[in-house]
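Asks: My structure file start_2.txt, compact mmCIF, C-alpha atoms, is below:
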# COMPACT_ATOMS: atom_id res chain seq x y z
CA GLU L 2 173.19 19.13 26.07
CA ARG L 3 174.00 17.15 29.19
CA SER L 4 175.81 19.03 31.94
CA THR L 5 179.29 17.79 32.75
CA SER L 6 180.00 19.83 35.90
CA ILE L 7 178.48 20.78 39.23
CA VAL L 8 179.54 23.48 41.68
CA THR L 9 179.41 23.18 45.47
CA ALA L 10 179.72 25.75 48.28
CA SER L 11 181.41 25.03 51.60
CA ASN L 12 182.11 26.35 55.07
CA ASP L 13 185.82 25.81 54.32
CA ARG L 14 185.71 29.13 52.42
CA THR L 15 185.84 27.51 49.00
CA ALA L 16 183.51 26.62 46.15
CA ALA L 17 184.52 23.64 44.04
CA VAL L 18 183.71 22.81 40.41
CA TRP L 19 183.51 19.06 39.91
CA ASP L 20 183.62 16.90 36.79
CA ILE L 21 180.56 14.63 36.97
CA GLU L 22 182.17 11.75 35.09
CA THR L 23 185.50 11.62 36.93
CA ARG L 24 184.13 12.91 40.26
CA GLU L 25 187.27 15.06 40.54
CA VAL L 26 187.59 18.72 41.54
CA VAL L 27 188.67 20.66 38.46
CA MET L 28 188.61 24.15 39.97
CA THR L 29 188.61 25.74 43.42
CA LEU L 30 187.24 29.26 44.03
CA LYS L 31 188.16 31.02 47.26
CA HIS L 32 186.54 33.59 49.58
CA ASP L 33 187.75 35.06 52.88
CA LEU L 34 184.92 33.46 54.88
CA GLU L 35 182.37 30.66 54.52
CA ILE L 36 180.52 30.38 51.20
CA ASN L 37 176.73 30.24 51.42
CA SER L 38 175.86 29.41 47.81
CA ALA L 39 177.37 28.79 44.37
CA VAL L 40 175.56 28.52 41.03
CA PHE L 41 176.34 28.43 37.32
CA ASP L 42 174.69 30.71 34.80
CA ALA L 43 172.51 29.06 32.14
CA SER L 44 175.40 28.77 29.69
CA GLY L 45 177.70 27.08 32.19
CA MET L 46 180.39 29.64 31.39
CA ALA L 47 180.24 31.60 34.65
CA VAL L 48 179.76 30.92 38.36
CA VAL L 49 178.57 33.28 41.08
CA THR L 50 179.41 32.61 44.73
CA ALA L 51 177.87 34.25 47.82
CA SER L 52 179.89 34.49 51.01
CA GLN L 53 179.77 35.50 54.64
CA ASP L 54 182.68 37.85 53.83
CA GLY L 55 180.08 40.33 52.51
CA SER L 56 180.67 39.72 48.82
CA ALA L 57 179.37 37.82 45.84
CA ARG L 58 181.99 37.02 43.25
CA VAL L 59 181.62 36.18 39.58
CA TRP L 60 184.08 33.68 38.11
CA ASP L 61 184.98 32.43 34.66
CA ALA L 62 183.99 28.75 34.83
CA SER L 63 186.73 27.72 32.39
CA SER L 64 189.74 29.53 33.83
CA GLY L 65 188.70 30.32 37.41
CA GLU L 66 189.48 33.99 36.81
CA GLY L 67 187.58 36.44 39.01
CA LEU L 68 185.40 38.65 36.81
CA ALA L 69 183.61 40.86 39.36
CA THR L 70 183.20 41.38 43.10
CA LEU L 71 179.79 42.58 44.30
CA LYS L 72 179.88 44.10 47.78
CA HIS L 73 177.24 44.15 50.53
CA GLY L 74 177.36 45.48 54.07
CA GLY L 75 176.80 42.03 55.57
CA SER L 76 176.93 38.34 54.77
CA VAL L 77 175.63 37.55 51.27
CA THR L 78 173.19 34.70 51.80
CA ALA L 79 172.43 33.91 48.16
CA ALA L 80 173.17 34.97 44.58
CA ALA L 81 171.61 33.93 41.28
CA PHE L 82 171.86 34.76 37.57
CA ASP L 83 168.91 35.81 35.44
CA PRO L 84 168.06 33.49 32.50
CA SER L 85 170.25 35.45 30.09
CA GLY L 86 173.28 35.55 32.39
CA ALA L 87 173.48 39.33 32.02
CA LEU L 88 172.21 40.13 35.54
CA ILE L 89 172.77 38.80 39.04
CA VAL L 90 170.55 39.23 42.09
CA THR L 91 172.04 39.00 45.57
CA ALA L 92 170.46 38.65 49.01
CA SER L 93 172.17 39.83 52.17
CA GLU L 94 171.96 40.04 55.93
CA ASP L 95 172.37 43.82 55.49
CA LYS L 96 168.57 43.83 54.86
CA THR L 97 168.92 44.41 51.11
CA SER L 98 168.75 42.56 47.83
CA SER L 99 170.52 44.05 44.83
CA VAL L 100 170.51 43.50 41.08
CA TRP L 101 173.86 43.84 39.33
CA ASP L 102 175.03 44.11 35.73
CA VAL L 103 177.45 41.21 35.27
CA THR L 104 179.63 42.87 32.61
CA SER L 105 180.20 46.17 34.40
CA GLY L 106 179.74 45.01 37.99
CA THR L 107 177.47 48.00 38.63
CA LYS L 108 174.33 47.96 40.76
CA VAL L 109 171.07 48.25 38.81
CA ALA L 110 168.49 48.17 41.63
CA THR L 111 168.25 47.68 45.39
CA ALA L 112 165.32 46.30 47.37
CA ARG L 113 165.07 46.91 51.12
CA HIS L 114 163.55 44.76 53.86
CA SER L 115 163.34 45.42 57.60
CA HIS L 116 165.49 42.36 58.38
CA ALA L 117 167.96 39.99 56.72
CA VAL L 118 167.17 38.77 53.20
CA TYR L 119 167.66 35.02 52.81
CA ASN L 120 166.90 34.37 49.17
CA ALA L 121 166.38 36.17 45.85
CA SER L 122 165.72 35.05 42.28
CA PHE L 123 164.48 36.32 38.90
CA ASP L 124 161.38 35.48 36.91
CA VAL L 125 161.72 34.10 33.39
CA SER L 126 161.47 37.57 31.79
CA SER L 127 164.27 39.06 33.95
CA ARG L 128 161.97 42.05 34.55
CA HIS L 129 161.11 41.06 38.11
CA PHE L 130 162.82 39.46 41.10
CA VAL L 131 161.45 38.01 44.30
CA THR L 132 162.98 38.16 47.78
CA ALA L 133 162.40 36.21 51.00
CA SER L 134 163.24 37.79 54.34
CA ARG L 135 163.56 37.19 58.05
CA ASP L 136 160.94 39.95 58.41
CA SER L 137 158.39 37.24 57.41
CA THR L 138 157.66 38.73 53.99
CA ALA L 139 158.29 37.78 50.39
CA CYS L 140 158.23 40.65 47.89
CA VAL L 141 158.25 40.96 44.11
CA TRP L 142 160.23 43.90 42.71
CA ASP L 143 160.65 45.64 39.36
CA VAL L 144 164.23 45.29 38.08
CA SER L 145 164.29 48.55 36.12
CA THR L 146 162.82 50.80 38.82
CA GLY L 147 163.40 48.92 42.08
CA ALA L 148 159.71 49.42 42.93
CA LYS L 149 157.92 46.89 45.12
CA LEU L 150 155.09 45.32 43.11
CA PHE L 151 153.72 42.65 45.42
CA ALA L 152 154.20 41.53 49.02
CA VAL L 153 152.97 38.58 51.08
CA LYS L 154 153.46 37.87 54.75
CA HIS L 155 153.95 34.73 56.80
CA SER L 156 153.70 34.53 60.59
CA ASP L 157 157.41 33.69 60.93
CA ARG L 158 160.57 34.23 58.90
CA CYS L 159 160.28 33.57 55.16
CA MET L 160 163.18 31.39 54.06
CA SER L 161 162.71 31.14 50.30
CA ALA L 162 160.60 32.45 47.42
CA THR L 163 160.68 31.34 43.79
CA PHE L 164 158.70 32.02 40.61
CA ASP L 165 157.07 29.41 38.44
CA ALA L 166 158.05 29.17 34.77
CA THR L 167 155.44 31.75 33.72
CA GLY L 168 156.38 34.35 36.34
CA ASN L 169 152.73 34.59 37.41
CA ARG L 170 153.02 32.64 40.67
CA ILE L 171 155.49 32.37 43.51
CA ALA L 172 156.04 29.65 46.09
CA THR L 173 157.20 30.70 49.56
CA ALA L 174 158.58 28.64 52.44
CA SER L 175 158.47 29.72 56.06
CA PHE L 176 159.43 28.88 59.62
CA ASP L 177 155.68 29.08 60.37
CA LYS L 178 155.62 25.43 59.16
CA SER L 179 154.03 26.19 55.81
CA ALA L 180 154.73 26.68 52.13
CA THR L 181 152.30 28.78 50.13
CA VAL L 182 151.60 29.32 46.44
CA TRP L 183 150.50 32.85 45.52
CA ASP L 184 149.09 34.39 42.34
CA VAL L 185 151.27 37.43 41.69
CA VAL L 186 148.84 38.97 39.19
CA SER L 187 145.76 38.93 41.41
CA GLY L 188 147.55 38.96 44.77
CA THR L 189 145.60 35.95 45.99
CA LYS L 190 146.70 32.85 47.88
CA ILE L 191 146.25 29.66 45.84
CA PHE L 192 146.98 27.09 48.53
CA THR L 193 149.06 26.42 51.63
CA ALA L 194 151.03 23.23 52.24
CA LYS L 195 151.25 22.45 55.95
CA HIS L 196 154.27 20.81 57.57
CA ARG L 197 154.76 19.63 61.14
CA ASN L 198 158.04 21.55 61.43
CA LEU L 199 159.98 24.43 59.87
CA VAL L 200 159.97 24.73 56.06
CA PHE L 201 163.18 25.87 54.40
CA SER L 202 162.47 25.71 50.68
CA ALA L 203 159.72 25.44 48.07
CA SER L 204 159.93 25.38 44.28
CA PHE L 205 157.82 24.54 41.22
CA ASP L 206 158.36 21.82 38.66
CA MET L 207 158.88 22.91 35.06
CA LEU L 208 155.17 22.72 34.21
CA GLY L 209 154.04 24.48 37.39
CA ALA L 210 151.69 21.63 38.27
CA HIS L 211 153.55 20.64 41.45
CA ILE L 212 155.76 22.13 44.13
CA VAL L 213 158.39 20.36 46.18
CA THR L 214 159.04 21.46 49.75
CA GLY L 215 161.89 20.74 52.11
CA GLY L 216 161.74 21.15 55.86
CA ASP L 217 162.91 20.09 59.27
CA GLU L 218 161.30 16.64 58.96
CA CYS L 219 164.15 14.77 57.21
CA ALA L 220 161.99 14.56 54.08
CA ALA L 221 160.98 16.41 50.93
CA LYS L 222 157.30 16.50 49.96
CA VAL L 223 155.60 16.92 46.58
CA TRP L 224 152.25 18.72 46.37
CA ASP L 225 149.68 19.07 43.59
CA VAL L 226 149.04 22.78 43.07
CA ALA L 227 145.51 22.38 41.67
CA SER L 228 144.18 20.23 44.51
CA GLY L 229 146.57 21.30 47.27
CA LYS L 230 147.12 17.64 48.16
CA GLU L 231 150.38 16.00 49.15
CA ILE L 232 151.18 13.36 46.52
CA ALA L 233 154.67 12.19 47.51
So, in terms of structure tokens, how does the structure I just supplied come out?
Replies:
Amino acid sequence: ERSTSIVTASNDRTAAVWDIETREVVMTLKHDLEINSAVFDASGMAVVTASQDGSARVWDASSGEGLATLKHGGSVTAAAFDPSGALIVTASEDKTSSVWDVTSGTKVATARHSHAVYNASFDVSSRHFVTASRDSTACVWDVSTGAKLFAVKHSDRCMSATFDATGNRIATASFDKSATVWDVVSGTKIFTAKHRNLVFSASFDMLGAHIVTGGDECAAKVWDVASGKEIA
């Protein structure tokens, strides 16, 4: 089914839900400080926002009612649902990433870095999550135990890390001017995409055959994972 809404996050301390057809704001969600990210769950029935006020908040996407407030000890840089919508993972400048039960609002697991965590997301199974940190590492963690399963290191801060659709590979983006694809099962590096400037994001397409990277070059680039070549 075609989506009818998008959600945006703003430095004006609000997140807005927009109707795609009318291009009108249909709902405004408020925090006490700037909002860093806002995303729907897979069903489109809930939104989670991450804010510099030290909280992530879960909202009913139909009514705008606040369903849960998830607290960190510093700015929450990102928040994302798992595929089922039952869990949320948050990343924070307090050097932690936490997994939360959406219904109860309770913390399920906490992962710790030595510096701010910029990004966190689940794999397709919801059994693992990956974090990207200013400490230059990306780490894969077990949701049920909080144990660190896999870690990779860049030579400068790691800005993002995402799984492919199988959960067997991650793509990382770094201020060391590179994005790298890693095999989580074997722990090996598959290939590195080189930029001329800082790289902020990297993610797979649905088939896992390509990654797209975004950096400080006013352009996004598409790379073939098998050959490691830039194709667009």
Asks: Rounded to one decimal in Å, what is the spacing between CA of Thr111 (chain L) and CA of Phe151 (chain L)?
Replies: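 Value for the CA of Thr111 (chain L)-CA of Phe151 (chain L) distance: 15.4 Å.
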Asks: With a cut-off of 10 Å, could you pull out the residues of region 33-114 of chain L touching region 9-12 of chain L and give me the nearest pair of atoms for each, distance in Å to one decimal, using all atoms listed in the file, ordered by chain and ascending number, as CSV?
Replies:
residue,atom,partner,partner_atom,distance
L:Leu34,CA,L:Asn12,CA,7.6
L:Glu35,CA,L:Asn12,CA,4.4
L:Ile36,CA,L:Ser11,CA,5.4
L:Asn37,CA,L:Ala10,CA,6.2
L:Ser38,CA,L:Ala10,CA,5.3
L:Ala39,CA,L:Ala10,CA,5.5
L:Val40,CA,L:Thr9,CA,7.9
L:Thr50,CA,L:Ala10,CA,7.7
L:Ala51,CA,L:Ala10,CA,8.7
L:Ser52,CA,L:Ala10,CA,9.2
L:Gln53,CA,L:Asn12,CA,9.5
Asks: Set the distance at 9 Å and use all atoms listed in the file: which residues neighbour region 217-228 of chain L once local chain neighbours fewer than 2 positions away are removed? I'd like the list as a ChimeraX atom specification.
Replies: /L:182,191-192,194,196-201,209-215,230-233
Asks: Using only C-alpha atoms, which of L:Phe164, L:Phe123, L:Trp60, L:Phe130 sits nearest Leu150 (chain L)?
Replies: L:Phe130
Asks: Can you work out which one of L:Ile21, L:Ala162, L:Ala92, L:Leu71 has the shortest atom-to-atom distance to Val131 (chain L), counting all atoms listed in the file?
Replies: L:Ala162
Asks: Name all residues at most 10 Å from Ser56 (chain L) (count all atoms listed in the file; drop same-chain ones fewer than 2 positions away) and give them as a PyMOL selection string.
Replies: chain L and resi 32-34+36+50-54+58-59+69-78+80+91+93
Asks: Have a look at L:Val100, L:Ala148, L:Ala166, L:Val27 and name the one nearest to Asp124 (chain L); count only C-alpha atoms.
Replies: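 Smallest distance to Asp124 (chain L) is found for L:Ala166.
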Asks: Between CA of Ser187 (chain L) and CA of Gly86 (chain L), what distance in Å does the model show, to one decimal?
Replies: 29.2 Å
Asks: Write out as a list in words the residues lying within 7 Å of Ala112 (chain L), counting only C-alpha atoms and excluding same-chain residues fewer than 3 positions away.
Replies: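 Final neighbour list, sorted by chain and number: Thr97, Ser98, Ser99 and Gly147 of chain L.
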Asks: Using all atoms listed in the file, which of the listed residues (L:Trp101, L:Ser156, L:Trp183, L:Ile171) sits closest to Val144 (chain L)?
Replies: L:Trp101
Asks: Considering only C-alpha atoms, state which residue in the set L:Ser105, L:Asn120, L:Thr138, L:Asn169 is at the smallest distance from Val186 (chain L).
Replies: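 Counting only C-alpha atoms, the residue closest to Val186 (chain L) is L:Asn169.
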Asks: Quick one: region 108-119 of chain L with all heavy atoms, as a PDB file, keeping the file's coordinate frame?
Replies:
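What ended up in rebuild02.pdb:
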ATOM      1  N   LYS L 108     175.618  48.254  40.151  1.00  0.00           N
ATOM      2  CA  LYS L 108     174.330  47.960  40.760  1.00  0.00           C
ATOM      3  C   LYS L 108     173.221  48.588  39.934  1.00  0.00           C
ATOM      4  O   LYS L 108     173.259  49.770  39.602  1.00  0.00           O
ATOM      5  CB  LYS L 108     174.311  48.491  42.190  1.00  0.00           C
ATOM      6  CG  LYS L 108     173.163  47.986  43.032  1.00  0.00           C
ATOM      7  CD  LYS L 108     173.236  48.559  44.444  1.00  0.00           C
ATOM      8  CE  LYS L 108     174.486  48.111  45.188  1.00  0.00           C
ATOM      9  NZ  LYS L 108     174.482  48.589  46.589  1.00  0.00           N
ATOM     10  N   VAL L 109     172.194  47.793  39.618  1.00  0.00           N
ATOM     11  CA  VAL L 109     171.070  48.250  38.810  1.00  0.00           C
ATOM     12  C   VAL L 109     169.894  48.659  39.683  1.00  0.00           C
ATOM     13  O   VAL L 109     169.207  49.646  39.409  1.00  0.00           O
ATOM     14  CB  VAL L 109     170.639  47.138  37.822  1.00  0.00           C
ATOM     15  CG1 VAL L 109     169.406  47.556  37.038  1.00  0.00           C
ATOM     16  CG2 VAL L 109     171.783  46.765  36.890  1.00  0.00           C
ATOM     17  N   ALA L 110     169.625  47.895  40.742  1.00  0.00           N
ATOM     18  CA  ALA L 110     168.490  48.170  41.630  1.00  0.00           C
ATOM     19  C   ALA L 110     168.768  47.588  43.001  1.00  0.00           C
ATOM     20  O   ALA L 110     169.521  46.622  43.137  1.00  0.00           O
ATOM     21  CB  ALA L 110     167.201  47.580  41.059  1.00  0.00           C
ATOM     22  N   THR L 111     168.138  48.187  44.022  1.00  0.00           N
ATOM     23  CA  THR L 111     168.250  47.680  45.390  1.00  0.00           C
ATOM     24  C   THR L 111     166.882  47.629  46.033  1.00  0.00           C
ATOM     25  O   THR L 111     166.121  48.600  45.969  1.00  0.00           O
ATOM     26  CB  THR L 111     169.190  48.561  46.246  1.00  0.00           C
ATOM     27  OG1 THR L 111     170.513  48.512  45.704  1.00  0.00           O
ATOM     28  CG2 THR L 111     169.228  48.068  47.693  1.00  0.00           C
ATOM     29  N   ALA L 112     166.574  46.492  46.638  1.00  0.00           N
ATOM     30  CA  ALA L 112     165.320  46.300  47.370  1.00  0.00           C
ATOM     31  C   ALA L 112     165.646  46.233  48.861  1.00  0.00           C
ATOM     32  O   ALA L 112     166.634  45.615  49.256  1.00  0.00           O
ATOM     33  CB  ALA L 112     164.650  45.008  46.933  1.00  0.00           C
ATOM     34  N   ARG L 113     164.793  46.851  49.686  1.00  0.00           N
ATOM     35  CA  ARG L 113     165.070  46.910  51.120  1.00  0.00           C
ATOM     36  C   ARG L 113     163.980  46.229  51.939  1.00  0.00           C
ATOM     37  O   ARG L 113     162.801  46.461  51.737  1.00  0.00           O
ATOM     38  CB  ARG L 113     165.237  48.364  51.572  1.00  0.00           C
ATOM     39  CG  ARG L 113     166.379  49.070  50.882  1.00  0.00           C
ATOM     40  CD  ARG L 113     166.658  50.459  51.442  1.00  0.00           C
ATOM     41  NE  ARG L 113     167.729  51.091  50.698  1.00  0.00           N
ATOM     42  CZ  ARG L 113     169.018  50.891  50.928  1.00  0.00           C
ATOM     43  NH1 ARG L 113     169.384  50.075  51.899  1.00  0.00           N
ATOM     44  NH2 ARG L 113     169.939  51.497  50.193  1.00  0.00           N
ATOM     45  N   HIS L 114     164.426  45.397  52.879  1.00  0.00           N
ATOM     46  CA  HIS L 114     163.550  44.760  53.860  1.00  0.00           C
ATOM     47  C   HIS L 114     163.878  45.336  55.237  1.00  0.00           C
ATOM     48  O   HIS L 114     164.843  46.093  55.400  1.00  0.00           O
ATOM     49  CB  HIS L 114     163.751  43.254  53.865  1.00  0.00           C
ATOM     50  CG  HIS L 114     163.029  42.529  52.768  1.00  0.00           C
ATOM     51  ND1 HIS L 114     161.800  41.939  52.946  1.00  0.00           N
ATOM     52  CD2 HIS L 114     163.373  42.299  51.465  1.00  0.00           C
ATOM     53  CE1 HIS L 114     161.419  41.373  51.823  1.00  0.00           C
ATOM     54  NE2 HIS L 114     162.347  41.581  50.899  1.00  0.00           N
ATOM     55  N   SER L 115     163.089  44.959  56.236  1.00  0.00           N
ATOM     56  CA  SER L 115     163.340  45.420  57.600  1.00  0.00           C
ATOM     57  C   SER L 115     164.210  44.437  58.383  1.00  0.00           C
ATOM     58  O   SER L 115     164.532  44.688  59.547  1.00  0.00           O
ATOM     59  CB  SER L 115     162.023  45.658  58.347  1.00  0.00           C
ATOM     60  OG  SER L 115     161.268  44.471  58.426  1.00  0.00           O
ATOM     61  N   HIS L 116     164.597  43.331  57.741  1.00  0.00           N
ATOM     62  CA  HIS L 116     165.490  42.360  58.380  1.00  0.00           C
ATOM     63  C   HIS L 116     166.279  41.656  57.283  1.00  0.00           C
ATOM     64  O   HIS L 116     166.144  41.974  56.101  1.00  0.00           O
ATOM     65  CB  HIS L 116     164.688  41.370  59.223  1.00  0.00           C
ATOM     66  CG  HIS L 116     165.363  41.010  60.516  1.00  0.00           C
ATOM     67  ND1 HIS L 116     166.655  40.526  60.571  1.00  0.00           N
ATOM     68  CD2 HIS L 116     164.935  41.056  61.812  1.00  0.00           C
ATOM     69  CE1 HIS L 116     166.997  40.296  61.825  1.00  0.00           C
ATOM     70  NE2 HIS L 116     165.975  40.618  62.606  1.00  0.00           N
ATOM     71  N   ALA L 117     167.104  40.703  57.668  1.00  0.00           N
ATOM     72  CA  ALA L 117     167.960  39.990  56.720  1.00  0.00           C
ATOM     73  C   ALA L 117     167.163  39.386  55.569  1.00  0.00           C
ATOM     74  O   ALA L 117     166.037  38.922  55.753  1.00  0.00           O
ATOM     75  CB  ALA L 117     168.727  38.890  57.449  1.00  0.00           C
ATOM     76  N   VAL L 118     167.767  39.399  54.379  1.00  0.00           N
ATOM     77  CA  VAL L 118     167.170  38.770  53.200  1.00  0.00           C
ATOM     78  C   VAL L 118     167.884  37.444  52.987  1.00  0.00           C
ATOM     79  O   VAL L 118     169.107  37.378  52.896  1.00  0.00           O
ATOM     80  CB  VAL L 118     167.296  39.660  51.957  1.00  0.00           C
ATOM     81  CG1 VAL L 118     166.561  39.029  50.776  1.00  0.00           C
ATOM     82  CG2 VAL L 118     166.748  41.059  52.238  1.00  0.00           C
ATOM     83  N   TYR L 119     167.097  36.362  52.894  1.00  0.00           N
ATOM     84  CA  TYR L 119     167.660  35.020  52.810  1.00  0.00           C
ATOM     85  C   TYR L 119     167.813  34.508  51.390  1.00  0.00           C
ATOM     86  O   TYR L 119     168.651  33.645  51.120  1.00  0.00           O
ATOM     87  CB  TYR L 119     166.778  34.036  53.583  1.00  0.00           C
ATOM     88  CG  TYR L 119     166.768  34.220  55.078  1.00  0.00           C
ATOM     89  CD1 TYR L 119     165.569  34.232  55.787  1.00  0.00           C
ATOM     90  CD2 TYR L 119     167.946  34.370  55.795  1.00  0.00           C
ATOM     91  CE1 TYR L 119     165.544  34.383  57.165  1.00  0.00           C
ATOM     92  CE2 TYR L 119     167.936  34.531  57.175  1.00  0.00           C
ATOM     93  CZ  TYR L 119     166.728  34.533  57.853  1.00  0.00           C
ATOM     94  OH  TYR L 119     166.721  34.684  59.212  1.00  0.00           O
TER      95      TYR L 119
END
